[in-house]
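Coordinates from data17.cif are shown below (mmCIF, C-alpha atoms).
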data_input
#
loop_
_atom_site.label_atom_id
_atom_site.label_comp_id
_atom_site.auth_asym_id
_atom_site.auth_seq_id
_atom_site.Cartn_x
_atom_site.Cartn_y
_atom_site.Cartn_z
CA MET Q 22 -16.28 52.92 80.60
CA ALA Q 23 -12.65 53.91 81.19
CA THR Q 24 -11.49 57.52 81.24
CA LEU Q 25 -9.14 57.99 78.30
CA ASN Q 26 -6.18 60.34 78.25
CA ILE Q 27 -6.77 61.94 74.83
CA LYS Q 28 -4.36 64.72 73.86
CA LEU Q 29 -5.05 66.64 70.67
CA HIS Q 30 -4.02 70.09 69.54
CA PRO Q 31 -6.85 72.50 68.53
CA ASN Q 32 -7.06 71.68 64.82
CA GLN Q 33 -6.69 67.94 65.48
CA LEU Q 34 -9.70 68.27 67.80
CA LYS Q 35 -11.64 70.12 65.11
CA VAL Q 36 -11.16 67.29 62.61
CA PHE Q 37 -11.72 64.65 65.31
CA GLN Q 38 -15.17 66.07 66.14
CA ASP Q 39 -16.34 66.57 62.55
CA GLN Q 40 -19.42 64.46 61.75
CA HIS Q 41 -19.41 64.63 57.94
CA PRO Q 42 -19.61 61.18 56.29
CA ILE Q 43 -16.45 61.95 54.31
CA VAL Q 44 -13.63 64.01 55.82
CA VAL Q 45 -10.63 64.88 53.63
CA LEU Q 46 -7.54 65.90 55.56
CA ASP Q 47 -4.72 67.35 53.45
CA CYS Q 48 -1.82 68.14 55.75
CA GLY Q 49 1.93 68.38 55.92
CA ARG Q 50 4.24 65.84 57.46
CA ARG Q 51 4.44 65.78 61.26
CA TRP Q 52 1.12 67.60 61.61
CA GLY Q 53 -0.21 64.64 63.60
CA LYS Q 54 -2.77 63.16 61.21
CA THR Q 55 -2.01 59.56 62.19
CA TRP Q 56 -2.22 60.41 65.89
CA MET Q 57 -5.62 62.08 65.49
CA ALA Q 58 -7.02 59.35 63.20
CA SER Q 59 -5.92 56.60 65.61
CA TRP Q 60 -7.88 58.20 68.42
CA LYS Q 61 -10.93 58.71 66.20
CA LEU Q 62 -10.95 55.04 65.22
CA LEU Q 63 -10.46 53.81 68.77
CA ILE Q 64 -13.24 55.97 70.22
CA ALA Q 65 -15.61 54.97 67.41
CA ALA Q 66 -15.02 51.28 68.12
CA LEU Q 67 -15.67 51.74 71.84
CA ASN Q 68 -18.99 53.44 71.08
CA THR Q 69 -20.27 51.14 68.31
CA PRO Q 70 -21.36 47.63 69.40
CA GLU Q 71 -20.39 45.06 66.75
CA GLY Q 72 -18.97 47.84 64.62
CA VAL Q 73 -16.41 47.01 61.93
CA PHE Q 74 -13.61 49.50 61.36
CA TRP Q 75 -10.68 49.40 58.99
CA ILE Q 76 -7.30 51.05 58.63
CA VAL Q 77 -6.14 51.01 55.00
CA SER Q 78 -2.83 52.29 53.63
CA PRO Q 79 -0.97 51.68 50.35
CA LYS Q 80 1.44 49.26 52.05
CA TYR Q 81 1.44 47.15 55.20
CA SER Q 82 4.45 49.05 56.53
CA GLN Q 83 2.33 52.21 56.56
CA THR Q 84 -0.79 50.49 57.89
CA LYS Q 85 1.17 49.09 60.79
CA ILE Q 86 2.21 52.57 61.90
CA MET Q 87 -1.38 53.34 62.91
CA TRP Q 88 -1.82 49.76 64.16
CA ARG Q 89 1.10 50.24 66.56
CA MET Q 90 -0.20 53.63 67.60
CA ILE Q 91 -3.65 52.24 68.50
CA LYS Q 92 -1.98 49.46 70.49
CA ARG Q 93 0.02 52.12 72.30
CA PHE Q 94 -3.16 53.96 73.29
CA ILE Q 95 -4.64 50.67 74.51
CA ARG Q 96 -1.54 49.94 76.55
CA GLU Q 97 -1.19 53.42 78.06
CA ASN Q 98 -4.86 53.50 79.08
CA LYS Q 99 -4.79 49.88 80.36
CA LEU Q 100 -7.82 48.94 78.26
CA LYS Q 101 -6.89 45.27 78.12
CA GLU Q 102 -6.46 45.03 81.88
CA GLN Q 103 -9.92 46.56 82.33
CA GLY Q 104 -11.54 44.05 79.97
CA ILE Q 105 -12.37 46.75 77.41
CA VAL Q 106 -10.10 45.17 74.83
CA ILE Q 107 -10.71 41.41 74.62
CA ASP Q 108 -8.08 40.30 72.16
CA ILE Q 109 -5.34 41.59 69.83
CA LYS Q 110 -4.47 39.30 66.92
CA GLU Q 111 -1.03 40.16 65.55
CA GLY Q 112 -1.11 37.60 62.76
CA GLU Q 113 -4.40 38.73 61.22
CA LEU Q 114 -4.04 42.29 62.52
CA TYR Q 115 -7.36 42.89 64.25
CA ILE Q 116 -8.51 43.99 67.70
CA THR Q 117 -11.71 42.80 69.40
CA PHE Q 118 -13.44 44.96 72.02
CA PHE Q 119 -15.83 44.13 74.87
CA ASN Q 120 -18.80 45.20 72.71
CA TYR Q 121 -17.66 42.89 69.85
CA ALA Q 122 -16.54 45.83 67.73
CA THR Q 123 -13.36 45.17 65.73
CA ILE Q 124 -10.58 47.22 64.19
CA TRP Q 125 -8.75 45.63 61.25
CA ALA Q 126 -5.46 46.70 59.61
CA LYS Q 127 -5.52 46.25 55.83
CA THR Q 128 -3.38 47.07 52.81
CA GLY Q 129 -4.76 48.86 49.76
CA ASP Q 130 -2.55 47.23 47.15
CA ASP Q 131 -5.29 44.88 45.91
CA GLU Q 132 -8.91 46.06 45.64
CA GLY Q 133 -10.14 42.48 45.24
CA SER Q 134 -9.08 41.56 48.78
CA LEU Q 135 -11.08 44.49 50.22
CA ARG Q 136 -14.47 43.59 48.81
CA GLY Q 137 -17.42 42.11 50.66
CA GLU Q 138 -17.63 43.44 54.21
CA GLY Q 139 -19.74 46.42 55.25
CA LEU Q 140 -17.91 49.04 57.31
CA ASP Q 141 -18.98 51.41 60.05
CA GLY Q 142 -15.86 53.50 59.79
CA LEU Q 143 -12.67 53.72 57.77
CA ILE Q 144 -9.36 55.56 57.89
CA ILE Q 145 -7.40 55.66 54.62
CA ASP Q 146 -3.88 56.71 55.49
CA GLU Q 147 -1.70 58.24 52.75
CA ALA Q 148 -4.85 58.23 50.64
CA SER Q 149 -3.21 60.08 47.77
CA ARG Q 150 -0.99 57.02 47.23
CA VAL Q 151 -3.89 54.55 47.22
CA LYS Q 152 -5.18 53.57 43.78
CA GLN Q 153 -8.39 55.25 42.66
CA ALA Q 154 -9.86 51.83 41.84
CA VAL Q 155 -9.36 50.70 45.44
CA TRP Q 156 -11.47 53.62 46.65
CA GLU Q 157 -14.16 53.49 43.96
CA GLU Q 158 -14.55 49.72 43.53
CA ALA Q 159 -13.92 48.41 47.05
CA LEU Q 160 -13.80 50.89 49.91
CA GLU Q 161 -16.51 53.41 49.00
CA PRO Q 162 -19.10 50.64 48.34
CA ALA Q 163 -18.17 49.00 51.67
CA LEU Q 164 -19.44 52.10 53.49
CA MET Q 165 -22.85 52.19 51.81
CA ASP Q 166 -24.75 49.44 53.68
CA LYS Q 167 -24.10 50.83 57.16
CA ARG Q 168 -23.77 54.45 56.06
CA GLY Q 169 -20.28 54.39 57.45
CA TRP Q 170 -17.88 57.30 57.63
CA VAL Q 171 -14.39 57.71 56.20
CA VAL Q 172 -11.46 60.01 56.91
CA LEU Q 173 -9.01 60.37 54.02
CA ILE Q 174 -5.69 61.54 55.44
CA SER Q 175 -2.64 62.29 53.33
CA THR Q 176 -0.01 64.62 52.06
CA PRO Q 177 -0.70 65.52 48.41
CA PHE Q 178 0.62 63.46 45.51
CA GLY Q 179 -0.27 65.33 42.37
CA LYS Q 180 -3.80 66.10 41.27
CA ASN Q 181 -5.32 62.64 41.45
CA TRP Q 182 -8.57 61.32 42.96
CA PHE Q 183 -7.56 62.52 46.44
CA TYR Q 184 -7.23 66.03 45.04
CA LYS Q 185 -10.68 65.77 43.44
CA MET Q 186 -12.16 64.66 46.77
CA TYR Q 187 -10.45 67.61 48.43
CA LEU Q 188 -12.07 69.96 45.91
CA ARG Q 189 -15.50 68.41 46.59
CA GLY Q 190 -15.11 69.09 50.29
CA SER Q 191 -13.91 72.64 49.73
CA ILE Q 192 -17.44 73.60 48.64
CA GLN Q 193 -19.88 73.60 51.54
CA ASN Q 194 -22.11 70.51 51.49
CA ASP Q 195 -23.50 67.87 53.85
CA GLU Q 196 -21.49 64.92 52.54
CA VAL Q 197 -17.83 65.93 52.18
CA VAL Q 198 -15.69 68.41 54.10
CA SER Q 199 -12.03 69.22 53.51
CA TYR Q 200 -9.29 70.53 55.77
CA LYS Q 201 -5.82 71.76 54.85
CA PHE Q 202 -3.03 72.26 57.39
CA PRO Q 203 0.70 72.78 56.75
CA SER Q 204 3.22 71.15 59.06
CA GLU Q 205 3.82 74.39 60.95
CA ASP Q 206 0.21 74.31 62.18
CA ASN Q 207 1.27 71.70 64.74
CA PRO Q 208 2.00 73.76 67.88
CA PHE Q 209 4.15 70.96 69.30
CA LEU Q 210 6.47 70.75 66.31
CA ASP Q 211 10.03 71.95 66.86
CA LYS Q 212 10.17 75.14 64.78
CA LYS Q 213 13.97 75.05 64.57
CA TRP Q 214 13.77 71.55 63.11
CA LEU Q 215 11.20 72.78 60.59
CA GLU Q 216 13.35 75.77 59.59
CA LYS Q 217 16.34 73.52 59.06
CA LYS Q 218 14.22 71.13 57.00
CA LYS Q 219 13.12 74.02 54.79
CA ARG Q 220 16.71 75.08 54.13
CA THR Q 221 17.79 71.58 53.13
CA THR Q 222 14.72 70.45 51.14
CA PRO Q 223 14.18 71.16 47.42
CA GLU Q 224 11.34 73.62 46.91
CA MET Q 225 9.00 71.14 45.23
CA ILE Q 226 9.31 68.61 48.04
CA TRP Q 227 8.92 71.33 50.66
CA ARG Q 228 5.74 72.68 49.09
CA GLN Q 229 4.13 69.26 48.67
CA GLU Q 230 5.24 67.47 51.83
CA TYR Q 231 5.32 70.31 54.36
CA LEU Q 232 3.02 73.02 52.97
CA ALA Q 233 0.50 70.39 51.77
CA GLU Q 234 0.20 71.98 48.32
CA PHE Q 235 -1.18 70.05 45.37
CA LEU Q 236 1.43 70.31 42.62
CA ASP Q 237 0.95 69.48 38.97
CA SER Q 238 4.07 67.30 39.00
CA GLY Q 239 2.86 65.22 41.92
CA GLY Q 240 5.59 62.97 43.21
CA MET Q 241 7.79 63.58 40.19
CA VAL Q 242 11.22 64.97 40.89
CA PHE Q 243 12.34 67.22 38.03
CA ARG Q 244 10.71 70.50 37.08
CA GLY Q 245 11.68 72.67 34.15
CA LEU Q 246 13.38 69.86 32.23
CA ASP Q 247 12.17 71.24 28.90
CA LYS Q 248 14.08 74.49 29.53
CA VAL Q 249 17.46 72.72 29.72
CA LEU Q 250 17.10 70.40 26.72
CA THR Q 251 19.08 72.86 24.61
CA SER Q 252 22.39 71.11 24.02
CA ARG Q 253 23.66 69.24 20.97
CA PRO Q 254 26.35 66.62 20.34
CA GLU Q 255 29.81 68.08 19.89
CA GLU Q 256 33.22 66.66 18.99
CA PRO Q 257 35.98 67.14 21.56
CA ILE Q 258 37.92 70.42 21.56
CA PRO Q 259 41.66 70.35 22.31
CA GLY Q 260 42.42 71.80 25.72
CA GLU Q 261 38.80 71.53 26.93
CA PHE Q 262 38.09 69.62 30.15
CA TYR Q 263 35.31 67.02 30.09
CA LEU Q 264 33.41 65.02 32.71
CA ILE Q 265 32.16 61.53 31.96
CA GLY Q 266 29.21 60.08 33.89
CA VAL Q 267 28.78 56.30 33.67
CA ASP Q 268 25.87 54.20 34.93
CA LEU Q 269 26.35 50.49 34.39
CA GLY Q 270 23.30 48.51 33.29
CA ARG Q 271 22.03 45.69 35.49
CA HIS Q 272 20.19 42.76 34.00
CA GLU Q 273 17.73 44.35 31.54
CA ASP Q 274 18.99 47.90 32.22
CA PHE Q 275 21.18 49.92 29.86
CA THR Q 276 24.70 51.19 30.35
CA ILE Q 277 24.81 54.94 29.75
CA ILE Q 278 27.97 56.99 29.10
CA LYS Q 279 27.52 60.76 29.14
CA VAL Q 280 30.10 63.47 28.51
CA GLY Q 281 29.79 67.03 29.81
CA LYS Q 282 31.79 70.07 28.77
CA LEU Q 283 32.89 71.66 32.03
CA SER Q 284 33.33 75.24 30.77
CA GLU Q 285 29.66 75.39 29.73
CA ASN Q 286 28.05 72.73 31.97
CA ARG Q 287 26.75 71.22 28.75
CA GLU Q 288 26.24 67.60 27.70
CA VAL Q 289 28.05 66.99 24.41
CA TYR Q 290 27.99 63.20 24.00
CA ARG Q 291 25.82 60.27 25.04
CA GLU Q 292 26.00 56.54 24.42
CA ARG Q 293 23.43 53.91 25.42
CA PHE Q 294 23.69 50.12 25.07
CA ASN Q 295 22.57 46.96 26.85
CA GLN Q 296 25.60 44.77 26.15
CA SER Q 297 26.43 43.13 29.49
CA ASP Q 298 29.88 41.77 28.57
CA TRP Q 299 32.40 43.33 30.94
CA ASP Q 300 35.20 43.58 28.39
CA TYR Q 301 32.90 45.37 25.95
CA ILE Q 302 31.71 47.81 28.63
CA LYS Q 303 35.29 48.60 29.68
CA GLU Q 304 36.33 49.09 26.05
CA ARG Q 305 33.53 51.59 25.43
CA ILE Q 306 34.42 53.56 28.56
CA ARG Q 307 38.11 53.62 27.53
CA SER Q 308 37.21 54.74 24.03
CA VAL Q 309 35.04 57.66 25.18
CA TYR Q 310 37.62 58.57 27.83
CA ASN Q 311 40.45 58.76 25.31
CA LYS Q 312 38.35 60.59 22.75
CA TYR Q 313 37.27 63.33 25.15
CA ASN Q 314 40.73 64.40 26.32
CA LYS Q 315 40.92 61.82 29.09
CA GLY Q 316 38.34 63.67 31.13
CA CYS Q 317 37.38 62.76 34.69
CA ILE Q 318 35.15 59.65 34.86
CA ILE Q 319 32.56 59.45 37.65
CA MET Q 320 30.78 56.11 37.70
CA ASP Q 321 28.37 54.11 39.81
CA SER Q 322 30.62 51.51 41.37
CA THR Q 323 27.87 49.77 43.33
CA GLY Q 324 27.67 45.97 43.16
CA TYR Q 325 29.23 44.48 40.05
CA GLY Q 326 30.34 47.96 39.01
CA ASP Q 327 33.11 47.73 41.60
CA PRO Q 328 35.39 45.31 39.69
CA ILE Q 329 34.96 47.35 36.48
CA TYR Q 330 35.90 50.47 38.42
CA GLU Q 331 38.90 48.69 39.98
CA ASP Q 332 40.13 47.38 36.61
CA LEU Q 333 39.93 50.79 34.93
CA SER Q 334 41.51 52.49 37.92
CA LYS Q 335 44.48 50.08 37.81
CA GLU Q 336 44.93 50.94 34.14
CA GLY Q 337 45.56 54.54 35.17
CA LEU Q 338 42.30 56.11 33.99
CA ASN Q 339 41.21 59.27 35.81
CA ILE Q 340 38.18 57.63 37.43
CA ASN Q 341 36.13 58.08 40.60
CA GLY Q 342 33.65 55.49 41.88
CA ILE Q 343 30.53 56.36 43.86
CA ASN Q 344 28.67 53.70 45.82
CA MET Q 345 24.93 54.35 45.61
CA ASN Q 346 23.43 54.24 49.10
CA VAL Q 347 21.01 56.11 51.32
CA SER Q 348 23.50 58.95 51.78
CA THR Q 349 24.97 59.44 48.30
CA LYS Q 350 21.99 58.92 46.00
CA PRO Q 351 19.83 61.75 47.42
CA MET Q 352 22.84 64.10 47.17
CA LEU Q 353 23.33 63.25 43.51
CA ILE Q 354 19.65 63.52 42.58
CA GLU Q 355 19.00 66.73 44.51
CA ASN Q 356 22.08 68.37 43.02
CA LEU Q 357 20.78 67.51 39.53
CA GLN Q 358 17.30 68.66 40.50
CA LEU Q 359 18.56 72.07 41.61
CA MET Q 360 20.80 72.45 38.55
CA ILE Q 361 17.82 71.78 36.27
CA GLU Q 362 15.47 74.07 38.22
CA ASN Q 363 18.04 76.88 38.11
CA GLN Q 364 19.02 76.14 34.49
CA ARG Q 365 22.67 75.59 35.37
CA ILE Q 366 23.01 72.60 33.04
CA SER Q 367 22.23 71.93 29.39
CA LEU Q 368 21.25 68.44 28.19
CA ILE Q 369 20.81 66.74 24.83
CA ASN Q 370 17.12 66.25 23.99
CA ASP Q 371 16.50 62.51 23.72
CA SER Q 372 13.28 60.51 23.95
CA ASN Q 373 14.74 57.98 26.41
CA LEU Q 374 15.91 60.79 28.67
CA THR Q 375 12.59 62.63 28.72
CA LEU Q 376 10.69 59.39 29.33
CA GLU Q 377 12.82 58.39 32.33
CA PHE Q 378 12.93 61.91 33.82
CA GLY Q 379 9.16 62.18 33.51
CA ALA Q 380 8.58 58.87 35.30
CA TYR Q 381 11.06 59.43 38.12
CA THR Q 382 9.53 59.83 41.55
CA TYR Q 383 10.33 60.07 45.22
CA THR Q 384 8.98 58.77 48.50
CA ILE Q 385 9.36 60.43 51.88
CA LEU Q 386 10.27 57.66 54.32
CA PRO Q 387 8.86 57.74 57.87
CA SER Q 388 12.35 58.71 59.05
CA GLY Q 389 12.04 61.89 56.99
CA ASN Q 390 14.65 60.78 54.45
CA VAL Q 391 13.84 60.81 50.74
CA ARG Q 392 13.96 57.71 48.56
CA TYR Q 393 14.32 58.41 44.83
CA GLU Q 394 13.44 55.75 42.30
CA ALA Q 395 12.00 55.05 38.88
CA ALA Q 396 8.26 54.46 38.68
CA SER Q 397 7.19 50.83 38.28
CA GLY Q 398 8.11 49.55 34.83
CA PHE Q 399 10.69 52.27 34.14
CA HIS Q 400 14.48 52.53 34.46
CA ASP Q 401 16.71 55.24 35.89
CA ASP Q 402 19.92 54.75 33.86
CA GLU Q 403 19.58 58.12 32.10
CA ILE Q 404 18.99 59.90 35.39
CA VAL Q 405 21.88 58.32 37.31
CA SER Q 406 24.39 58.86 34.50
CA THR Q 407 23.25 62.48 34.15
CA ALA Q 408 23.46 62.99 37.91
CA LEU Q 409 27.02 61.60 37.98
CA MET Q 410 28.04 63.94 35.18
CA ALA Q 411 26.31 66.85 36.90
CA ILE Q 412 28.00 66.33 40.27
CA GLY Q 413 31.29 66.61 38.42
CA MET Q 414 30.19 69.88 36.86
CA GLN Q 415 29.08 71.24 40.19
CA GLY Q 416 32.33 70.28 41.87
CA GLY Q 417 34.56 71.60 39.10
CA GLY Q 418 35.96 68.36 37.73
CA THR Q 419 38.30 66.12 39.66
CA GLN Q 420 37.25 67.68 42.97
CA ALA Q 421 33.65 66.64 42.36
CA ILE Q 422 33.95 63.48 44.35
CA GLY Q 423 34.46 65.59 47.46
CA VAL Q 424 30.86 66.78 47.16
CA VAL Q 425 29.62 63.27 47.90
CA GLU Q 426 30.19 62.68 51.58
CA PRO Q 427 30.44 59.19 53.11
CA PRO Q 428 27.31 57.82 54.81
CA ASP Q 429 26.65 59.00 58.35
CA GLU Q 430 26.76 55.74 60.29
CA GLU Q 431 25.36 57.37 63.40
CA LYS Q 432 22.30 58.45 61.46
CA TYR Q 433 21.80 55.41 59.24
CA GLY Q 434 23.19 52.59 61.40
CA GLU Q 435 26.49 50.76 61.39
CA LYS Q 436 25.75 48.94 58.16
CA VAL Q 437 25.03 51.14 55.15
CA ALA Q 438 23.68 49.03 52.32
CA ASP Q 439 23.29 49.33 48.63
CA TYR Q 440 20.51 51.89 48.12
CA ASP Q 441 18.23 49.25 46.62
CA ASP Q 442 18.56 47.13 49.77
CA LEU Q 443 17.68 49.93 52.18
CA PRO Q 444 14.31 48.64 53.44
CA GLU Q 445 15.92 45.35 54.47
CA ILE Q 446 18.69 47.02 56.44
CA ILE Q 447 17.28 50.09 58.14
CA GLU Q 448 14.54 49.74 60.70
CA TRP Q 449 12.33 52.68 61.55
CA ASP Q 450 9.36 53.37 63.70
CA GLU Q 451 7.05 56.29 63.09
CA LEU Q 452 6.14 56.29 66.76
CA GLU Q 453 9.63 57.43 67.61
CA GLU Q 454 9.17 60.39 65.30
CA TYR Q 455 5.94 61.27 67.07
CA GLU Q 456 7.46 60.90 70.50
CA LYS Q 457 10.19 63.36 69.60
CA THR Q 458 7.40 65.89 68.98
CA LYS Q 459 5.09 65.80 71.96
CA PHE Q 460 1.61 64.46 71.19
CA GLY Q 461 2.41 63.62 67.56
CA ARG Q 462 1.70 65.08 67.17
#
For the structure just supplied, provide its representation as structure tokens.
Amino acid sequence: MATLNIKLHPNQLKVFQDQHPIVVLDCGRRWGKTWMASWKLLIAALNTPEGVFWIVSPKYSQTKIMWRMIKRFIRENKLKEQGIVIDIKEGELYITFFNYATIWAKTGDDEGSLRGEGLDGLIIDEASRVKQAVWEEALEPALMDKRGWVVLISTPFGKNWFYKMYLRGSIQNDEVVSYKFPSEDNPFLDKKWLEKKKRTTPEMIWRQEYLAEFLDSGGMVFRGLDKVLTSRPEEPIPGEFYLIGVDLGRHEDFTIIKVGKLSENREVYRERFNQSDWDYIKERIRSVYNKYNKGCIIMDSTGYGDPIYEDLSKEGLNINGINMNVSTKPMLIENLQLMIENQRISLINDSNLTLEFGAYTYTILPSGNVRYEAASGFHDDEIVSTALMAIGMQGGGTQAIGVVEPPDEEKYGEKVADYDDLPEIIEWDELEEYEKTKFGR
């Protein structure tokens, strides 16, 4: 058997050596959970003739992070050259070892495709994002025949089934054990990087993603919304300055026009319609603009919004267009998030608004950037229009557009796409993130 160059920090080693059938690992980003789990799976396969082992994540893009990491270990330790690894199938994503053990990379988006095979060992990566039905109806039963083990690794995502498993393991028993480690527990992590991240990350995201805390709001973005739903519609006041946030509906989405009173940071008018005729949309924007003292318009000019913005701009309206991309959208959303948390804005209470705000969520990308989006089946028109109005309030009116900086091409690549097209444009590799922090790690 080959001598393997395994490098783990103390708490990684503790989890690696644990023999409980179910290990729950709740840890912050960059702690090194994927690094540790990859080694555990590889060593188990080498020591289990004809063993069957799976990697399962919510999406293939996440599963392939650990897949690439295991291949890296194989390459660095020359296991294929020594005949220890027999074959690596990239198409079907499985590895065959000299003892006929196999490691398979799977996705957890469909429990039906995971049924049938008995497993000796299983790693569920980002387990908090995997559906409860996938665990209960497919993966847990797959471990029963061979009395296989499982390691559930994840950052928290609300108080779902992963949280309940964590609670089970927090009470001493022979079946389940739980571990909790914040990001700072990783001795190889750049502490200056972590301090900077703390300063620039909203508190909720910091607590969940880096302190590994289970929050009631889970992956939802806005806290304390109920405390700012105190405004009411109001007719324009002569001499008052107003800000107008406009999000144009796409396909089945709605166009939202919101008006904020700058002196009080208070929403005083809202209009919502799904008429897609350009002339009608422009007429409604003109009408609201003229009614509210020709206040500053801030609108989403992405995609087909650009010609509407150009037409209104040529007419002489006081209008600013913001292109929604990987740089500007997080700025807008996080500004609104902080204004709501600190009660620096007052909004009109509306059922559509509360529904959309309650269903809005975020995803931390492997690059460390945050992607904000509506949950499946929901829209974000209310949120974007409110965020556009709010950035105007924060910036003091016509200077608001200066708050939204242009995309950093050095950071995001030469081509910065529409925010919705981001996954197709920007390539990332979690391994690079690990290599920047020695051992993972």
**Request:** Go ahead and compute the interatomic distance for CA of Gly324 in chain Q and CA of Ser297 in chain Q, in Å to one decimal.
**Result:** 14.0 Å
**Message:** Residues within 9 Å of range 305-319 of chain Q, please, as a ChimeraX atom specification. Count only C-alpha atoms; anything in the same chain fewer than 6 positions from it doesn't count.
**Reply:** /Q:256-268,278,280,333,338-343,406,409-410,412-413,418-419,421-422
**Item:** Shell of 9 Å around Asn370 in chain Q, all atoms listed in the file, local chain residues under 5 positions omitted, as number ranges by chain
**Value:** Q: 247, 249-253, 375
Residues from last step as file, C-alpha atoms, as a PDB file, in the coordinates of the input:
ATOM      1  CA  ASP Q 247      12.170  71.240  28.900  1.00  0.00           C
ATOM      2  CA  VAL Q 249      17.460  72.720  29.720  1.00  0.00           C
ATOM      3  CA  LEU Q 250      17.100  70.400  26.720  1.00  0.00           C
ATOM      4  CA  THR Q 251      19.080  72.860  24.610  1.00  0.00           C
ATOM      5  CA  SER Q 252      22.390  71.110  24.020  1.00  0.00           C
ATOM      6  CA  ARG Q 253      23.660  69.240  20.970  1.00  0.00           C
ATOM      7  CA  THR Q 375      12.590  62.630  28.720  1.00  0.00           C
TER       8      THR Q 375
END
Mind dumping a table of every range 239-327 of chain Q residue within 10 Å of range 347-363 of chain Q, with the nearest atom pair and its distance in Å to one decimal, using all atoms listed in the file, sorted by chain and rising number, as JSON lines?
{"residue": "Q:Val242", "atom": "CA", "partner": "Q:Gln358", "partner_atom": "CA", "distance": 7.1}
{"residue": "Q:Phe243", "atom": "CA", "partner": "Q:Gln358", "partner_atom": "CA", "distance": 5.7}
{"residue": "Q:Arg244", "atom": "CA", "partner": "Q:Glu362", "partner_atom": "CA", "distance": 6.1}
{"residue": "Q:Gly245", "atom": "CA", "partner": "Q:Glu362", "partner_atom": "CA", "distance": 5.7}
{"residue": "Q:Leu246", "atom": "CA", "partner": "Q:Ile361", "partner_atom": "CA", "distance": 6.3}
{"residue": "Q:Asp247", "atom": "CA", "partner": "Q:Ile361", "partner_atom": "CA", "distance": 9.3}
{"residue": "Q:Lys248", "atom": "CA", "partner": "Q:Ile361", "partner_atom": "CA", "distance": 8.2}
{"residue": "Q:Val249", "atom": "CA", "partner": "Q:Ile361", "partner_atom": "CA", "distance": 6.6}
{"residue": "Q:Leu250", "atom": "CA", "partner": "Q:Ile361", "partner_atom": "CA", "distance": 9.7}
{"residue": "Q:Asn286", "atom": "CA", "partner": "Q:Met360", "partner_atom": "CA", "distance": 9.8}
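The spacing separating CA of Lys54 in chain Q from CA of Asp146 in chain Q amounts to 8.7 Å.
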**Asked** Which residue out of Q:Leu29, Q:Ile404, Q:Leu100, Q:Ala380 has the minimum interatomic distance to Trp60 in chain Q when all atoms listed in the file are used?
**Response** Q:Leu29
**Request:** Determine the residue membership of the PyMOL selection byres ((chain Q and resi 115) around 6) for the file above and supply it as number ranges by chain.
**Result:** Q: 110, 113-114, 116, 124-125
**Request:** Within 12 Å of Thr222 in chain Q, counting all atoms listed in the file, which residues show up once you throw out same-chain ones fewer than 2 positions away? Write them as a count of residues only, please.
**Result:** 24
**Asked** Applied to this file, what does the PyMOL selection byres ((chain Q and resi 40-52) around 8) return in terms of residues, put as a ChimeraX atom specification?
**Response** /Q:36,38-39,53-54,168-177,186-187,190,195-207,210,229-233,455,461-462
**Test item: the PyMOL selection byres ((chain Q and resi 270) around 10) resolved as a list in words** =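 Expected selection for the PyMOL selection byres ((chain Q and resi 270) around 10) here is Val267, Asp268, Leu269, Arg271, His272, Glu273, Asp274, Phe275, Thr276, Ile277, Arg293, Phe294, Asn295, Gln296, Ser297, Ile302, Asp321, Tyr325, Gly326, His400, Asp401 and Asp402 of chain Q.
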Mind filling out range 173-179 of chain Q with N, CA, C and O atoms and sending it as a compact mmCIF listing (two decimals), keeping the file's coordinate frame?
# COMPACT_ATOMS: atom_id res chain seq x y z
N LEU Q 173 -10.11 60.52 54.96
CA LEU Q 173 -9.01 60.37 54.02
C LEU Q 173 -7.89 61.29 54.49
O LEU Q 173 -8.03 62.50 54.46
N ILE Q 174 -6.79 60.72 54.95
CA ILE Q 174 -5.69 61.54 55.44
C ILE Q 174 -4.46 61.32 54.57
O ILE Q 174 -4.14 60.20 54.18
N SER Q 175 -3.78 62.44 54.23
CA SER Q 175 -2.64 62.29 53.33
C SER Q 175 -1.91 63.61 53.14
O SER Q 175 -2.48 64.69 53.35
N THR Q 176 -0.66 63.50 52.73
CA THR Q 176 -0.01 64.62 52.06
C THR Q 176 -0.41 64.51 50.59
O THR Q 176 -0.81 63.45 50.13
N PRO Q 177 -0.32 65.59 49.83
CA PRO Q 177 -0.70 65.52 48.41
C PRO Q 177 0.25 64.64 47.61
O PRO Q 177 1.38 64.38 48.02
N PHE Q 178 -0.21 64.21 46.44
CA PHE Q 178 0.62 63.46 45.51
C PHE Q 178 0.10 63.71 44.11
O PHE Q 178 -0.49 62.86 43.46
N GLY Q 179 0.27 64.94 43.66
CA GLY Q 179 -0.27 65.33 42.37
C GLY Q 179 -1.77 65.61 42.47
O GLY Q 179 -2.35 65.66 43.54
